[in-house]
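See below for model-v4.cif, which holds mmCIF, C-alpha atoms and all ligand atoms.
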```cif
data_my_file
loop_
_atom_site.group_PDB
_atom_site.id
_atom_site.type_symbol
_atom_site.label_atom_id
_atom_site.label_comp_id
_atom_site.auth_asym_id
_atom_site.auth_seq_id
_atom_site.Cartn_x
_atom_site.Cartn_y
_atom_site.Cartn_z
ATOM 1 C CA MET D 26 104.657 138.288 117.398
ATOM 2 C CA ILE D 27 107.979 136.493 117.652
ATOM 3 C CA LYS D 28 108.614 134.215 114.737
ATOM 4 C CA SER D 29 110.459 130.979 115.312
ATOM 5 C CA ALA D 30 113.234 129.856 112.996
ATOM 6 C CA ALA D 31 110.832 127.347 111.467
ATOM 7 C CA THR D 32 108.271 130.054 110.826
ATOM 8 C CA GLY D 33 110.844 132.210 109.097
ATOM 9 C CA ALA D 34 112.040 129.280 107.038
ATOM 10 C CA VAL D 35 108.564 128.364 105.897
ATOM 11 C CA LEU D 36 107.706 131.926 104.941
ATOM 12 C CA ALA D 37 110.918 132.132 102.931
ATOM 13 C CA LEU D 38 110.039 128.855 101.215
ATOM 14 C CA ILE D 39 106.559 130.037 100.340
ATOM 15 C CA ALA D 40 107.805 133.326 98.967
ATOM 16 C CA ALA D 41 110.455 131.559 96.900
ATOM 17 C CA ALA D 42 107.962 129.044 95.542
ATOM 18 C CA ALA D 43 105.506 131.754 94.574
ATOM 19 C CA GLN D 44 108.228 133.515 92.620
ATOM 20 C CA ALA D 45 109.570 130.423 90.921
ATOM 21 C CA PRO D 46 107.205 129.494 88.093
ATOM 22 C CA ALA D 47 109.337 126.480 87.186
ATOM 23 C CA LEU D 48 108.685 124.967 90.599
ATOM 24 C CA ALA D 49 105.138 126.203 91.075
ATOM 25 C CA GLN D 50 104.105 124.953 87.665
ATOM 26 C CA ASP D 51 105.773 121.618 87.972
ATOM 27 C CA ASN D 52 103.838 119.085 85.852
ATOM 28 C CA GLN D 53 101.735 121.833 84.337
ATOM 29 C CA GLN D 54 101.451 122.936 80.760
ATOM 30 C CA GLN D 55 103.755 125.800 79.949
ATOM 31 C CA GLY D 56 101.076 127.565 77.949
ATOM 32 C CA GLN D 57 99.063 128.473 81.021
ATOM 33 C CA GLN D 58 101.245 131.350 82.109
ATOM 34 C CA GLN D 59 99.182 134.454 82.410
ATOM 35 C CA GLY D 60 99.280 138.007 83.664
ATOM 36 C CA GLN D 61 99.664 138.703 87.370
ATOM 37 C CA GLN D 62 96.459 140.742 87.466
ATOM 38 C CA GLN D 63 94.218 137.995 86.200
ATOM 39 C CA GLY D 64 92.625 135.891 88.912
ATOM 40 C CA GLN D 65 94.031 138.075 91.659
ATOM 41 C CA GLN D 66 90.721 138.056 93.543
ATOM 42 C CA GLN D 67 90.700 134.274 93.738
ATOM 43 C CA ARG D 68 94.083 134.085 95.431
ATOM 44 C CA HIS D 69 94.198 133.254 99.095
ATOM 45 C CA ASP D 70 96.902 132.590 101.588
ATOM 46 C CA TYR D 71 96.365 130.361 104.575
ATOM 47 C CA LEU D 72 98.447 129.955 107.682
ATOM 48 C CA GLY D 73 98.313 127.761 110.736
ATOM 49 C CA THR D 74 100.472 127.595 113.834
ATOM 50 C CA LEU D 75 101.384 124.080 114.908
ATOM 51 C CA GLN D 76 100.595 123.282 118.521
ATOM 52 C CA ALA D 77 102.369 120.355 120.108
ATOM 53 C CA MET D 78 100.351 117.384 121.372
ATOM 54 C CA ASN D 79 100.897 114.104 123.192
ATOM 55 C CA GLY D 80 104.141 115.058 124.892
ATOM 56 C CA SER D 81 105.844 116.500 121.822
ATOM 57 C CA SER D 82 107.705 119.818 122.044
ATOM 58 C CA LEU D 83 107.317 120.480 118.323
ATOM 59 C CA SER D 84 106.889 124.052 117.121
ATOM 60 C CA GLY D 85 106.315 125.338 113.642
ATOM 61 C CA MET D 86 103.757 126.294 111.103
ATOM 62 C CA VAL D 87 101.934 125.291 107.973
ATOM 63 C CA ALA D 88 101.098 127.537 105.049
ATOM 64 C CA PHE D 89 99.075 127.179 101.887
ATOM 65 C CA LYS D 90 99.231 129.643 99.049
ATOM 66 C CA THR D 91 97.172 129.655 95.894
ATOM 67 C CA THR D 92 98.759 130.928 92.719
ATOM 68 C CA ASP D 93 97.356 132.669 89.662
ATOM 69 C CA GLU D 94 98.080 129.487 87.734
ATOM 70 C CA GLY D 95 95.676 127.429 89.839
ATOM 71 C CA ARG D 96 98.320 125.743 91.920
ATOM 72 C CA LEU D 97 98.272 125.198 95.651
ATOM 73 C CA ILE D 98 101.655 125.527 97.320
ATOM 74 C CA ALA D 99 101.669 123.589 100.573
ATOM 75 C CA SER D 100 104.462 124.018 103.048
ATOM 76 C CA LEU D 101 105.272 122.930 106.549
ATOM 77 C CA GLY D 102 108.176 123.937 108.729
ATOM 78 C CA ALA D 103 108.801 122.592 112.192
ATOM 79 C CA SER D 104 111.507 122.036 114.757
ATOM 80 C CA ASP D 105 111.915 119.649 117.696
ATOM 81 C CA VAL D 106 110.527 116.757 115.667
ATOM 82 C CA SER D 107 111.853 113.224 116.160
ATOM 83 C CA PRO D 108 114.093 112.300 113.180
ATOM 84 C CA GLY D 109 112.560 110.385 110.305
ATOM 85 C CA MET D 110 109.332 110.341 108.343
ATOM 86 C CA HIS D 111 106.117 111.685 109.823
ATOM 87 C CA MET D 112 102.691 111.308 108.314
ATOM 88 C CA ALA D 113 100.952 114.669 107.967
ATOM 89 C CA HIS D 114 97.540 115.470 106.560
ATOM 90 C CA ILE D 115 94.801 118.001 106.214
ATOM 91 C CA HIS D 116 91.892 116.713 108.318
ATOM 92 C CA GLY D 117 88.314 117.958 108.360
ATOM 93 C CA PHE D 118 84.633 117.241 108.120
ATOM 94 C CA THR D 119 83.077 116.062 104.890
ATOM 95 C CA GLY D 120 79.990 117.108 102.954
ATOM 96 C CA GLU D 121 79.157 120.059 100.714
ATOM 97 C CA ASN D 122 79.139 122.504 103.609
ATOM 98 C CA PRO D 123 81.639 121.063 106.087
ATOM 99 C CA GLY D 124 81.726 122.202 109.695
ATOM 100 C CA ASP D 125 84.750 123.925 111.157
ATOM 101 C CA ALA D 126 87.384 121.438 112.301
ATOM 102 C CA THR D 127 89.296 122.399 115.443
ATOM 103 C CA CYS D 128 92.390 121.094 117.174
ATOM 104 C CA PRO D 129 91.555 118.747 120.058
ATOM 105 C CA THR D 130 91.923 119.889 123.643
ATOM 106 C CA ASP D 131 92.646 117.587 126.593
ATOM 107 C CA ASP D 132 88.895 116.900 126.725
ATOM 108 C CA ALA D 133 89.290 114.826 123.547
ATOM 109 C CA ASP D 134 91.037 112.078 125.534
ATOM 110 C CA ALA D 135 87.819 110.076 125.831
ATOM 111 C CA ASN D 136 89.381 106.959 127.369
ATOM 112 C CA ASP D 137 91.543 109.007 129.736
ATOM 113 C CA ASP D 138 94.793 107.222 128.873
ATOM 114 C CA GLY D 139 96.770 110.452 128.708
ATOM 115 C CA LEU D 140 97.035 110.415 124.915
ATOM 116 C CA ILE D 141 94.792 111.912 122.250
ATOM 117 C CA ASP D 142 94.872 109.238 119.592
ATOM 118 C CA LEU D 143 93.840 109.580 115.953
ATOM 119 C CA ILE D 144 90.357 108.185 116.543
ATOM 120 C CA GLU D 145 89.806 110.550 119.483
ATOM 121 C CA THR D 146 90.525 113.553 117.225
ATOM 122 C CA GLU D 147 87.656 112.724 114.881
ATOM 123 C CA ALA D 148 84.888 114.272 116.997
ATOM 124 C CA VAL D 149 86.398 117.761 116.725
ATOM 125 C CA ALA D 150 88.647 117.469 113.667
ATOM 126 C CA GLY D 151 86.864 115.113 111.280
ATOM 127 C CA LYS D 152 88.687 112.624 109.122
ATOM 128 C CA THR D 153 91.878 112.383 107.110
ATOM 129 C CA LEU D 154 91.391 114.222 103.815
ATOM 130 C CA VAL D 155 94.575 115.341 102.052
ATOM 131 C CA PRO D 156 98.043 113.864 102.625
ATOM 132 C CA LEU D 157 101.033 116.181 102.696
ATOM 133 C CA THR D 158 103.100 113.936 100.469
ATOM 134 C CA GLY D 159 104.791 114.127 97.097
ATOM 135 C CA ASP D 160 101.347 113.888 95.477
ATOM 136 C CA PRO D 161 98.626 115.423 97.677
ATOM 137 C CA ALA D 162 95.943 115.278 94.955
ATOM 138 C CA SER D 163 96.236 111.473 94.840
ATOM 139 C CA LEU D 164 94.697 111.428 98.346
ATOM 140 C CA THR D 165 96.855 108.344 98.977
ATOM 141 C CA ILE D 166 97.298 108.061 102.746
ATOM 142 C CA LYS D 167 98.844 104.694 103.498
ATOM 143 C CA GLY D 168 102.248 103.929 102.042
ATOM 144 C CA ALA D 169 102.446 107.254 100.243
ATOM 145 C CA LYS D 170 105.844 108.680 99.346
ATOM 146 C CA GLY D 171 107.081 112.132 100.214
ATOM 147 C CA TYR D 172 105.663 112.695 103.692
ATOM 148 C CA PRO D 173 107.610 115.286 105.699
ATOM 149 C CA ARG D 174 110.893 114.017 107.063
ATOM 150 C CA ALA D 175 112.744 115.405 110.071
ATOM 151 C CA ASP D 176 116.522 115.522 109.855
ATOM 152 C CA GLU D 177 118.957 114.585 112.632
ATOM 153 C CA ASP D 178 118.497 118.009 114.196
ATOM 154 C CA GLY D 179 114.733 117.564 114.321
ATOM 155 C CA SER D 180 113.965 120.077 111.599
ATOM 156 C CA VAL D 181 111.265 119.524 109.003
ATOM 157 C CA LEU D 182 110.877 121.502 105.824
ATOM 158 C CA TYR D 183 108.188 120.270 103.468
ATOM 159 C CA LEU D 184 107.184 121.998 100.244
ATOM 160 C CA GLU D 185 104.939 120.610 97.547
ATOM 161 C CA THR D 186 102.548 121.939 94.948
ATOM 162 C CA ALA D 187 99.276 120.502 93.694
ATOM 163 C CA ASP D 188 96.795 121.424 90.995
ATOM 164 C CA ILE D 189 93.807 122.895 92.835
ATOM 165 C CA GLN D 190 91.213 121.686 90.345
ATOM 166 C CA THR D 191 92.557 118.128 90.472
ATOM 167 C CA LEU D 192 92.552 118.258 94.253
ATOM 168 C CA GLU D 193 88.988 119.640 94.411
ATOM 169 C CA GLN D 194 87.757 116.949 92.035
ATOM 170 C CA ALA D 195 89.466 114.199 94.013
ATOM 171 C CA LEU D 196 87.940 115.450 97.273
ATOM 172 C CA GLN D 197 84.466 115.645 95.727
ATOM 173 C CA LYS D 198 84.765 112.133 94.407
ATOM 174 C CA ALA D 199 86.159 110.596 97.591
ATOM 175 C CA HIS D 200 84.412 112.620 100.292
ATOM 176 C CA GLY D 201 81.799 114.855 98.624
ATOM 177 C CA THR D 202 83.473 117.909 100.081
ATOM 178 C CA PRO D 203 85.325 120.987 98.836
ATOM 179 C CA LEU D 204 88.919 121.822 99.814
ATOM 180 C CA ALA D 205 87.624 124.672 102.052
ATOM 181 C CA LEU D 206 91.026 125.135 103.693
ATOM 182 C CA ASP D 207 89.807 127.635 106.276
ATOM 183 C CA LYS D 208 87.624 124.898 107.782
ATOM 184 C CA ARG D 209 90.462 122.396 108.066
ATOM 185 C CA VAL D 210 93.253 121.478 110.437
ATOM 186 C CA VAL D 211 96.651 119.914 109.790
ATOM 187 C CA PHE D 212 97.981 117.081 111.933
ATOM 188 C CA ILE D 213 101.536 115.796 112.082
ATOM 189 C CA HIS D 214 101.714 112.235 113.371
ATOM 190 C CA GLY D 215 104.272 109.839 114.769
ATOM 191 C CA LEU D 216 105.817 109.446 118.204
ATOM 192 C CA PRO D 217 109.561 108.713 118.371
ATOM 193 C CA ASP D 218 110.851 105.140 118.177
ATOM 194 C CA GLY D 219 110.913 103.407 121.515
ATOM 195 C CA VAL D 220 108.114 105.386 123.133
ATOM 196 C CA ASP D 221 105.774 103.098 125.024
ATOM 197 C CA VAL D 222 102.290 103.407 123.597
ATOM 198 C CA PRO D 223 99.460 101.948 125.712
ATOM 199 C CA ASP D 224 97.169 99.396 124.077
ATOM 200 C CA SER D 225 94.273 101.780 124.725
ATOM 201 C CA ALA D 226 95.568 104.115 121.981
ATOM 202 C CA GLN D 227 93.422 103.487 118.895
ATOM 203 C CA SER D 228 94.698 103.701 115.343
ATOM 204 C CA LEU D 229 93.819 102.827 111.778
ATOM 205 C CA PRO D 230 93.480 99.139 110.965
ATOM 206 C CA ASP D 231 96.921 97.571 110.517
ATOM 207 C CA VAL D 232 98.811 100.768 111.375
ATOM 208 C CA PRO D 233 100.610 100.907 114.753
ATOM 209 C CA ALA D 234 99.255 103.687 116.985
ATOM 210 C CA ARG D 235 102.778 105.050 117.434
ATOM 211 C CA LEU D 236 102.753 106.107 113.773
ATOM 212 C CA THR D 237 99.302 107.731 113.796
ATOM 213 C CA LEU D 238 99.323 109.429 117.199
ATOM 214 C CA PRO D 239 99.275 113.167 116.509
ATOM 215 C CA ILE D 240 102.275 115.196 117.692
ATOM 216 C CA ALA D 241 100.988 118.567 116.498
ATOM 217 C CA CYS D 242 97.866 120.257 115.195
ATOM 218 C CA ALA D 243 97.285 123.553 113.408
ATOM 219 C CA GLU D 244 93.991 125.267 112.635
ATOM 220 C CA ILE D 245 94.165 126.784 109.165
ATOM 221 C CA GLU D 246 93.090 130.384 108.778
ATOM 222 C CA VAL D 247 92.962 132.823 105.887
ATOM 223 C CA LYS D 248 95.801 135.258 106.384
ATOM 224 C CA PRO D 249 97.947 137.518 104.287
ATOM 225 C CA ILE D 250 101.481 136.190 103.925
ATOM 226 C CA GLU D 251 104.183 138.796 104.406
ATOM 227 C CA GLU D 252 106.550 138.855 101.461
HETATM 228 CU CU CU D 301 96.571 112.843 109.617
#
```
Entire entry expressed as structure tokens:
Amino acid sequence: MIKSAATGAVLALIAAAAQAPALAQDNQQQGQQQGQQQGQQQRHDYLGTLQAMNGSSLSGMVAFKTTDEGRLIASLGASDVSPGMHMAHIHGFTGENPGDATCPTDDADANDDGLIDLIETEAVAGKTLVPLTGDPASLTIKGAKGYPRADEDGSVLYLETADIQTLEQALQKAHGTPLALDKRVVFIHGLPDGVDVPDSAQSLPDVPARLTLPIACAEIEVKPIEE
């Protein structure tokens, strides 16, 4: 498998974060440091390859790593992204035993307008669950700070950590569903400025479709991360 620059960058980020307790334990009590052996069985790594949608040429990947300290390290690396902020979230089905969300194929374009809009993804990918922002566990979607931002060269590097227990509790309260990352997908949203979006493209209430149209999707799978 040939790794893109973004893939390499994200793997390096993940490895660095896992080895940097100061970063990984941000906002957490210092006293919770414990031996590497403890909790080893509960650790999982998750990876997903971003597939471009809706005319984007984006490439990249997402990764989630759980740490012995009960933190989730979320990271996203991508290239060929239009400069500026892009909403990005974990999407999936709700309920105690959620079904497996998948990335939409061309068949998802129900109204045949050539775009797969946010609403058209729901049949196969469920709803918006966890924002990739500065505070994922808040589950704040609209107006949240810290969404991934592409630089002038179109590169995105996002890295954030969250307390897994806080996140699980928030998801139970809001959606009655566990985190269950291997049943989820990640979407990156937001077409470039100036792109003509047909009125047929549906969106969230009061949010222009240009901002919510997906530009990439990744199915999350349990995978060992090479370090
Ligand atoms: Cu989303």
Reference answer for the PyMOL selection byres (((not hetatm)) within 12 of (chain D and resi 301)), as a ChimeraX atom specification: /D:111-117,128,142-144,146-147,150-158,164-167,172-173,209-215,228-229,236-243
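Take the candidates D:Lys248, D:Ser225, D:Glu145, D:Pro203 and check each one against Asn122 of chain D using only C-alpha atoms; the shortest distance goes to D:Pro203.
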Matched chain/residue IDs from the PyMOL selection byres (((chain D and resi 76) around 8) and not hetatm), as a list in words: Thr74, Leu75, Ala77, Met78, Leu83, Ser84, Gly85, Ala241, Cys242 and Ala243 of chain D
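You will find atom CA of Arg235 of chain D at 28.1 Å from atom CA of Thr186 of chain D.
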Residue among D:Gly33, D:Ile141, D:Thr127, D:His69 lying closest to Ser104 of chain D, counting only C-alpha atoms: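 Of D:Gly33, D:Ile141, D:Thr127, D:His69, the one nearest Ser104 of chain D, counting only C-alpha atoms, is D:Gly33.
When the PyMOL selection byres (((chain D and resi 174) around 9) and not hetatm) is run on the displayed coordinates, the residues it returns are D:Pro108, D:Gly109, D:Met110, D:His111, D:Met112, D:Gly171, D:Tyr172, D:Pro173, D:Ala175, D:Asp176, D:Gly179, D:Ser180, D:Val181, D:Leu182, D:Tyr183.
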Separation of atom CA of Ala187 of chain D from atom CA of Pro161 of chain D in Å: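 About the pair atom CA of Pro161 of chain D and atom CA of Ala187 of chain D: they are 6.5 Å apart.
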Separation of atom CA of Asp231 of chain D from atom CA of Gly168 of chain D in Å: 11.9 Å
Within 6 Å of Gly73 of chain D using all atoms listed in the file, minus same-chain residues under 4 positions, as a PyMOL selection string: chain D and resi 86-87+243-245
Grab the residues selected above and save them as a PDB file, in the frame of the given file with C-alpha atoms.
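Below is the file that was written, part_1.pdb:
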```
ATOM      1  CA  MET D  86     103.757 126.294 111.103  1.00  0.00           C
ATOM      2  CA  VAL D  87     101.934 125.291 107.973  1.00  0.00           C
ATOM      3  CA  ALA D 243      97.285 123.553 113.408  1.00  0.00           C
ATOM      4  CA  GLU D 244      93.991 125.267 112.635  1.00  0.00           C
ATOM      5  CA  ILE D 245      94.165 126.784 109.165  1.00  0.00           C
TER       6      ILE D 245
END
```
Pick from D:Leu140, D:Ala126, D:Ala99, D:Val220 nearest to Gly159 of chain D, counting all atoms listed in the file: D:Ala99
Nearest to Lys208 of chain D, chosen from D:Asp70, D:Glu193, D:Asp125, D:Asp224, with only C-alpha atoms counted in the distances: D:Asp125
